[in-house]
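Asker: This structure is in structure tokens; I'll ask about it shortly.
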Amino acid sequence: MKIGIIGGGSIGLLVAKYLCEMHNVTLYVRRPKQKQKLNDHGLFLSNNTTPCRVNALLTSELKEEDCVIVCVKQPEIGALVQLLSHLTKHTPIIFLQNGMAHIDLLKDLSNPVYIGIVTHGALRKSDHIVTHTGMGEIKLAVYSGDDNQLFTMIHSLGSKQFPFQVVENWEKLLAEKLVINAVINPLTAIFEVPNGDILRNIYLTKIAKELCREACTVLQLDYMVQWNNVQTVATQTKENVSSMFKDLKDHKQTENEAISGYLVKKSTDTIPYTTFVYNSMKALEAKKGINQ
């Protein structure tokens with residue numbers, strides 16, 4: 001298959017690295033410097049000396065593909081939708097984002113749209129090197145498309161080393177991932193700690209439980225089930241840093257609006273812990289001059 005992957009961050013690089021072994025992959029990136037690095041040197045996993053050859057283009061150079069996988073973070077989705085609307089209407093588009101705030105932006109796309117989450121751990125070391133920090137999978141569900149097409153794509157894209165899974169309900173899929181992100185991401189970013197510290201530090205654990213409880217109330221999910229999920233992820237990724245922590249450290253826009261901000265806007269009741277971490281992240285962004 002000819003696969004276009006939009007986004008040269010950690011997830012985009014990781015997905016491109018595994019899919020390029022069996023497919024013709026074009027990686028679309030924002031910066032000319034990253035485009036040149038990838039075309040000159042290839043794409044590396046940090047523990048592998050053999051590069052994967054991908055064709056790198058700028059996002060503005062998007063061309064027709066058999067499938068397009070969108071790996072940019074939520075704040076960039078709005079600007080991309082107009083570009084994606086120029087693809088032929090039969091081209092399937094897969095969106096792999098945290099949070100749920102981007103969903104309303106997809107309603108006007110006439111293409112088959114599939115929504116997914118990534119449970120792999122990944123860390124971008126440079127413009128053309130990515131570290132696979134934790135094995136996981138990509139889970140996909142139909143948003144506006146055909147079940148058979150999704151199963152056909154999964155069969156083509158998936159492998160034992162990089163599995164894909166189909167789930168039935170995209171809303172539940174995103175909601176459960178949102179709970180995990182709403183607990184781990186802001187806490188680790190505010191306190192500048194790895195993921196495992198939300199379970200190692202009893203005071204962070206208390207806050208984490210309240211954040212989980214509030215998110216479950218807003219999203220109408222079972223608290224005990226979701227808290228178990230949070231603990232599992234925090235344990236499995238205990239030495240990793242969250243994407244929100246890394247973005248803040250790198251003076252980049254975080255997904256605060258798409259995660260905690262989404263819950264604050266959606267809630268009809270007071271959610272004090274979530275509101276506090278949302279405003280705390282806004283304050284830290286302002287302090288670093290992000291989005292000013």
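Chain lettering (A, B, ...) mirrors the order of the structure tokens, residue numbering begins at 1 for each chain separately, and ligand numbering begins at 1 in order of display.
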Give the helix (DSSP H, G or I) residues of segment 125-238 of chain A, as DSSP finds them on the backbone, and put them as number ranges by chain.
Answerer: A: 147-157, 170-191, 197-200, 202-219, 223-236
Asker: Find the residues near segment 239-250 of chain A: any atom within 10 Å, counting only C-alpha atoms, skip ones fewer than 4 places away on the same chain, and give them as a VMD selection string.
Answerer: chain A and resid 10 121 to 123 133 to 134 181 184 to 197 234 to 235 254 to 256 281 284 to 285 288 290
Asker: Hey, what's within 10 Å of Leu199 of chain A if we count only C-alpha atoms and toss same-chain stuff fewer than 6 positions away? As a PyMOL selection string, please?
Answerer: chain A and resi 205-206+208+230-231+234-235+238
Asker: With all heavy atoms retained, write the just-selected residues as a PDB file, in the first residue's frame.
Answerer:
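File written: out-v5.pdb
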ATOM      1  N   THR A 205      -0.867  10.233  44.390  1.00  0.00           N
ATOM      2  CA  THR A 205      -1.876   9.190  44.190  1.00  0.00           C
ATOM      3  C   THR A 205      -3.261   9.683  44.602  1.00  0.00           C
ATOM      4  O   THR A 205      -4.265   9.418  43.931  1.00  0.00           O
ATOM      5  CB  THR A 205      -1.521   7.917  44.980  1.00  0.00           C
ATOM      6  OG1 THR A 205      -0.220   7.474  44.604  1.00  0.00           O
ATOM      7  CG2 THR A 205      -2.523   6.806  44.711  1.00  0.00           C
ATOM      8  N   LYS A 206      -3.316  10.422  45.716  1.00  0.00           N
ATOM      9  CA  LYS A 206      -4.599  10.971  46.158  1.00  0.00           C
ATOM     10  C   LYS A 206      -5.186  11.913  45.116  1.00  0.00           C
ATOM     11  O   LYS A 206      -6.378  11.869  44.808  1.00  0.00           O
ATOM     12  CB  LYS A 206      -4.420  11.716  47.493  1.00  0.00           C
ATOM     13  CG  LYS A 206      -4.162  10.816  48.691  1.00  0.00           C
ATOM     14  CD  LYS A 206      -3.995  11.646  49.967  1.00  0.00           C
ATOM     15  CE  LYS A 206      -3.740  10.753  51.167  1.00  0.00           C
ATOM     16  NZ  LYS A 206      -3.584  11.541  52.423  1.00  0.00           N
ATOM     17  N   ALA A 208      -4.419  11.935  41.918  1.00  0.00           N
ATOM     18  CA  ALA A 208      -4.698  11.138  40.720  1.00  0.00           C
ATOM     19  C   ALA A 208      -6.061  10.454  40.817  1.00  0.00           C
ATOM     20  O   ALA A 208      -6.827  10.407  39.848  1.00  0.00           O
ATOM     21  CB  ALA A 208      -3.600  10.102  40.513  1.00  0.00           C
ATOM     22  N   VAL A 230      -5.616   3.195  34.725  1.00  0.00           N
ATOM     23  CA  VAL A 230      -4.603   4.225  34.989  1.00  0.00           C
ATOM     24  C   VAL A 230      -3.399   3.605  35.688  1.00  0.00           C
ATOM     25  O   VAL A 230      -2.234   3.870  35.328  1.00  0.00           O
ATOM     26  CB  VAL A 230      -5.197   5.364  35.848  1.00  0.00           C
ATOM     27  CG1 VAL A 230      -4.087   6.301  36.339  1.00  0.00           C
ATOM     28  CG2 VAL A 230      -6.240   6.151  35.063  1.00  0.00           C
ATOM     29  N   GLN A 231      -3.650   2.780  36.703  1.00  0.00           N
ATOM     30  CA  GLN A 231      -2.555   2.159  37.443  1.00  0.00           C
ATOM     31  C   GLN A 231      -1.717   1.247  36.542  1.00  0.00           C
ATOM     32  O   GLN A 231      -0.482   1.215  36.648  1.00  0.00           O
ATOM     33  CB  GLN A 231      -3.109   1.348  38.613  1.00  0.00           C
ATOM     34  CG  GLN A 231      -3.731   2.191  39.713  1.00  0.00           C
ATOM     35  CD  GLN A 231      -4.252   1.333  40.850  1.00  0.00           C
ATOM     36  OE1 GLN A 231      -3.546   1.047  41.809  1.00  0.00           O
ATOM     37  NE2 GLN A 231      -5.489   0.904  40.738  1.00  0.00           N
ATOM     38  N   ALA A 234       0.414   3.523  34.281  1.00  0.00           N
ATOM     39  CA  ALA A 234       1.452   4.177  35.075  1.00  0.00           C
ATOM     40  C   ALA A 234       2.556   3.192  35.467  1.00  0.00           C
ATOM     41  O   ALA A 234       3.731   3.556  35.519  1.00  0.00           O
ATOM     42  CB  ALA A 234       0.842   4.801  36.325  1.00  0.00           C
ATOM     43  N   THR A 235       2.187   1.962  35.720  1.00  0.00           N
ATOM     44  CA  THR A 235       3.166   0.933  36.080  1.00  0.00           C
ATOM     45  C   THR A 235       3.982   0.500  34.870  1.00  0.00           C
ATOM     46  O   THR A 235       5.208   0.382  34.935  1.00  0.00           O
ATOM     47  CB  THR A 235       2.456  -0.292  36.696  1.00  0.00           C
ATOM     48  OG1 THR A 235       1.736   0.117  37.869  1.00  0.00           O
ATOM     49  CG2 THR A 235       3.463  -1.376  37.071  1.00  0.00           C
ATOM     50  N   LYS A 238       6.395   3.379  33.880  1.00  0.00           N
ATOM     51  CA  LYS A 238       6.780   4.084  35.110  1.00  0.00           C
ATOM     52  C   LYS A 238       7.994   4.993  34.953  1.00  0.00           C
ATOM     53  O   LYS A 238       8.102   6.004  35.637  1.00  0.00           O
ATOM     54  CB  LYS A 238       7.017   3.076  36.241  1.00  0.00           C
ATOM     55  CG  LYS A 238       8.111   2.052  35.957  1.00  0.00           C
ATOM     56  CD  LYS A 238       8.167   1.021  37.080  1.00  0.00           C
ATOM     57  CE  LYS A 238       9.219  -0.047  36.783  1.00  0.00           C
ATOM     58  NZ  LYS A 238       9.243  -1.068  37.858  1.00  0.00           N
TER      59      LYS A 238
END
Asker: Using only C-alpha atoms, which of the listed residues (A:Leu219, A:Leu14, A:Cys20, A:Ile259) sits closest to Glu137 of chain A?
Answerer: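 Smallest distance to Glu137 of chain A is found for A:Leu14.
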Asker: Excluding Gln82 of chain A and residues on its chain fewer than 5 positions from it, collect all residues at most 10 Å away from it, counting only C-alpha atoms, and give them as a PDB file with N, CA, C and O atoms, in the first residue's frame.
Answerer:
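out_31.pdb written:
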ATOM      1  N   ILE A  77      -5.013  19.782  14.216  1.00  0.00           N
ATOM      2  CA  ILE A  77      -6.034  19.132  13.397  1.00  0.00           C
ATOM      3  C   ILE A  77      -6.855  20.137  12.593  1.00  0.00           C
ATOM      4  O   ILE A  77      -7.138  19.928  11.409  1.00  0.00           O
ATOM      5  N   LEU A  87      -8.321  15.412  -0.713  1.00  0.00           N
ATOM      6  CA  LEU A  87      -8.084  14.029  -1.108  1.00  0.00           C
ATOM      7  C   LEU A  87      -9.319  13.471  -1.801  1.00  0.00           C
ATOM      8  O   LEU A  87     -10.433  13.916  -1.549  1.00  0.00           O
ATOM      9  N   ASP A 108     -17.154  17.263   8.711  1.00  0.00           N
ATOM     10  CA  ASP A 108     -17.324  17.733   7.335  1.00  0.00           C
ATOM     11  C   ASP A 108     -16.501  16.949   6.317  1.00  0.00           C
ATOM     12  O   ASP A 108     -16.622  17.181   5.113  1.00  0.00           O
ATOM     13  N   LEU A 109     -15.657  16.030   6.779  1.00  0.00           N
ATOM     14  CA  LEU A 109     -14.874  15.223   5.846  1.00  0.00           C
ATOM     15  C   LEU A 109     -15.775  14.172   5.197  1.00  0.00           C
ATOM     16  O   LEU A 109     -16.512  13.464   5.881  1.00  0.00           O
TER      17      LEU A 109
END
Asker: Could you please determine the separation between atom CA of Glu61 of chain A and atom CA of Val81 of chain A in Å, to one decimal place?
Answerer: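 Computing the Euclidean distance for atom CA of Glu61 of chain A and atom CA of Val81 of chain A yields 14.3 Å.
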Asker: Given only C-alpha atoms as the basis, pick out the residue of A:Asn169, A:Thr274, A:Asn229, A:Thr237 nearest to Glu214 of chain A.
Answerer: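 Smallest separation from Glu214 of chain A among the options: A:Thr274.
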Asker: Can you list, as a ChimeraX atom specification, every protein, DNA or RNA residue that comes within 12 Å of Gly42 of chain A when you count only C-alpha atoms, leaving out same-chain residues fewer than 5 positions away?
Answerer: /A:13,16-17,20,25-27,34-37,48-56,126-130
Asker: Would you mind listing what lies within 7 Å of Ile115 of chain A as a VMD selection string, with only C-alpha atoms counted and same-chain residues fewer than 2 positions away left out?
Answerer: chain A and resid 94 to 96 113 140 to 143 170
Asker: Go through A:Gly158, A:Gly78, A:Gly8, A:Gly145 one by one, measure the shortest atom-to-atom distance of each to Lys33 of chain A using only C-alpha atoms, and give the residue with the smallest value.
Answerer: A:Gly8
Asker: Give me the residues of segment 182-230 of chain A that have any atom at most 12 Å from an atom of segment 262-268 of chain A; for each, the nearest atom pair and the distance in Å, rounded to one decimal. Use only C-alpha atoms, sort by chain and number, and format it as a tab-separated table.
Answerer:
residue	atom	partner	partner_atom	distance
A:Ala182	CA	A:Leu263	CA	8.6
A:Val183	CA	A:Leu263	CA	11.6
A:Leu211	CA	A:Leu263	CA	10.5
A:Cys212	CA	A:Leu263	CA	11.3
A:Arg213	CA	A:Leu263	CA	11.9
A:Glu214	CA	A:Leu263	CA	8.7
A:Ala215	CA	A:Leu263	CA	6.8
A:Cys216	CA	A:Leu263	CA	9.9
A:Thr217	CA	A:Ser267	CA	8.5
A:Val218	CA	A:Ser267	CA	5.5
A:Leu219	CA	A:Leu263	CA	8.2
A:Gln220	CA	A:Ser267	CA	10.7
Asker: If you keep all heavy atoms, can you produce a file of those selected residues as a JSON list (two decimals), in the first residue's frame?
Answerer:
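Output (out32.json):
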[["chain", "number", "residue", "atom", "x", "y", "z"],
["A", 182, "ALA", "N", -5.94, 12.35, 31.24],
["A", 182, "ALA", "CA", -6.36, 13.43, 32.13],
["A", 182, "ALA", "C", -5.77, 13.27, 33.53],
["A", 182, "ALA", "O", -5.67, 14.25, 34.29],
["A", 182, "ALA", "CB", -7.88, 13.47, 32.21],
["A", 183, "VAL", "N", -5.38, 12.06, 33.88],
["A", 183, "VAL", "CA", -4.75, 11.81, 35.18],
["A", 183, "VAL", "C", -3.23, 11.94, 35.08],
["A", 183, "VAL", "O", -2.61, 12.74, 35.80],
["A", 183, "VAL", "CB", -5.12, 10.40, 35.71],
["A", 183, "VAL", "CG1", -4.38, 10.12, 37.02],
["A", 183, "VAL", "CG2", -6.63, 10.29, 35.92],
["A", 211, "LEU", "N", -8.76, 13.05, 40.18],
["A", 211, "LEU", "CA", -8.82, 13.38, 38.76],
["A", 211, "LEU", "C", -9.52, 12.28, 37.97],
["A", 211, "LEU", "O", -10.33, 12.55, 37.08],
["A", 211, "LEU", "CB", -7.41, 13.60, 38.20],
["A", 211, "LEU", "CG", -6.68, 14.87, 38.64],
["A", 211, "LEU", "CD1", -5.23, 14.83, 38.18],
["A", 211, "LEU", "CD2", -7.38, 16.12, 38.08],
["A", 212, "CYS", "N", -9.21, 11.04, 38.32],
["A", 212, "CYS", "CA", -9.84, 9.90, 37.66],
["A", 212, "CYS", "C", -11.34, 9.88, 37.95],
["A", 212, "CYS", "O", -12.16, 9.67, 37.04],
["A", 212, "CYS", "CB", -9.19, 8.61, 38.13],
["A", 212, "CYS", "SG", -9.83, 7.12, 37.34],
["A", 213, "ARG", "N", -11.70, 10.14, 39.20],
["A", 213, "ARG", "CA", -13.11, 10.12, 39.58],
["A", 213, "ARG", "C", -13.90, 11.19, 38.82],
["A", 213, "ARG", "O", -15.00, 10.96, 38.32],
["A", 213, "ARG", "CB", -13.23, 10.34, 41.10],
["A", 213, "ARG", "CG", -14.58, 9.92, 41.70],
["A", 213, "ARG", "CD", -14.64, 10.23, 43.19],
["A", 213, "ARG", "NE", -13.47, 9.72, 43.89],
["A", 213, "ARG", "CZ", -13.34, 8.48, 44.32],
["A", 213, "ARG", "NH1", -14.31, 7.60, 44.06],
["A", 213, "ARG", "NH2", -12.25, 8.10, 44.98],
["A", 214, "GLU", "N", -13.32, 12.39, 38.73],
["A", 214, "GLU", "CA", -14.00, 13.48, 38.02],
["A", 214, "GLU", "C", -14.14, 13.17, 36.53],
["A", 214, "GLU", "O", -15.22, 13.39, 35.94],
["A", 214, "GLU", "CB", -13.23, 14.78, 38.21],
["A", 214, "GLU", "CG", -13.33, 15.34, 39.63],
["A", 214, "GLU", "CD", -12.56, 16.65, 39.80],
["A", 214, "GLU", "OE1", -11.89, 17.09, 38.85],
["A", 214, "GLU", "OE2", -12.65, 17.23, 40.90],
["A", 215, "ALA", "N", -13.09, 12.66, 35.91],
["A", 215, "ALA", "CA", -13.16, 12.32, 34.49],
["A", 215, "ALA", "C", -14.22, 11.26, 34.23],
["A", 215, "ALA", "O", -14.97, 11.33, 33.25],
["A", 215, "ALA", "CB", -11.79, 11.85, 33.99],
["A", 216, "CYS", "N", -14.28, 10.26, 35.11],
["A", 216, "CYS", "CA", -15.28, 9.19, 34.95],
["A", 216, "CYS", "C", -16.69, 9.72, 35.10],
["A", 216, "CYS", "O", -17.62, 9.28, 34.41],
["A", 216, "CYS", "CB", -15.02, 8.08, 35.96],
["A", 216, "CYS", "SG", -13.54, 7.12, 35.59],
["A", 217, "THR", "N", -16.89, 10.69, 36.00],
["A", 217, "THR", "CA", -18.21, 11.29, 36.18],
["A", 217, "THR", "C", -18.63, 12.03, 34.91],
["A", 217, "THR", "O", -19.77, 11.87, 34.43],
["A", 217, "THR", "CB", -18.19, 12.27, 37.36],
["A", 217, "THR", "OG1", -17.87, 11.55, 38.56],
["A", 217, "THR", "CG2", -19.55, 12.94, 37.54],
["A", 218, "VAL", "N", -17.73, 12.80, 34.34],
["A", 218, "VAL", "CA", -18.04, 13.56, 33.13],
["A", 218, "VAL", "C", -18.32, 12.63, 31.95],
["A", 218, "VAL", "O", -19.26, 12.84, 31.18],
["A", 218, "VAL", "CB", -16.88, 14.53, 32.77],
["A", 218, "VAL", "CG1", -17.16, 15.23, 31.44],
["A", 218, "VAL", "CG2", -16.70, 15.56, 33.88],
["A", 219, "LEU", "N", -17.52, 11.57, 31.83],
["A", 219, "LEU", "CA", -17.61, 10.68, 30.66],
["A", 219, "LEU", "C", -18.50, 9.48, 30.90],
["A", 219, "LEU", "O", -18.64, 8.63, 30.02],
["A", 219, "LEU", "CB", -16.20, 10.22, 30.28],
["A", 219, "LEU", "CG", -15.23, 11.35, 29.89],
["A", 219, "LEU", "CD1", -13.81, 10.80, 29.76],
["A", 219, "LEU", "CD2", -15.67, 12.01, 28.59],
["A", 220, "GLN", "N", -19.08, 9.39, 32.09],
["A", 220, "GLN", "CA", -20.00, 8.31, 32.45],
["A", 220, "GLN", "C", -19.34, 6.93, 32.32],
["A", 220, "GLN", "O", -19.86, 6.02, 31.68],
["A", 220, "GLN", "CB", -21.28, 8.39, 31.61],
["A", 220, "GLN", "CG", -22.06, 9.69, 31.83],
["A", 220, "GLN", "CD", -23.34, 9.74, 31.03],
["A", 220, "GLN", "OE1", -23.35, 9.44, 29.85],
["A", 220, "GLN", "NE2", -24.42, 10.14, 31.68]]
Asker: Can you pull out every residue within 8 Å of Lys177 of chain A, counting only C-alpha atoms, but drop anything in the same chain fewer than 3 positions away, and send it as a list in words?
Answerer: Asn98, Gly99, Ile117, Leu173, Leu174, Ile180 and Asn181 of chain A
Asker: Any idea what the distance is between atom CA of Ala286 of chain A and atom CA of Tyr273 of chain A?
Answerer: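 Separating atom CA of Ala286 of chain A from atom CA of Tyr273 of chain A is a distance of 19.9 Å.
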Asker: Select, from A:Glu76, A:Met1, A:Asn47, A:Asn228, the residue with the minimum atom-to-atom distance to Met153 of chain A, counting only C-alpha atoms.
Answerer: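 Closest candidate: A:Met1.
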Asker: Could you pull out all residues of segment 4-193 of chain A with a DSSP call of strand (DSSP E) and give them as an MDAnalysis selection string?
Answerer: chainID A and resid 4:6 24:29 44:45 55:58 67:70 93:96 113:118 121:126 129:134 138:144 164:166
Asker: Between atom CA of Phe44 of chain A and atom CA of Phe162 of chain A, what is the distance in Å, rounded to a tenth?
Answerer: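 Between these atoms lies a distance of 15.8 Å.
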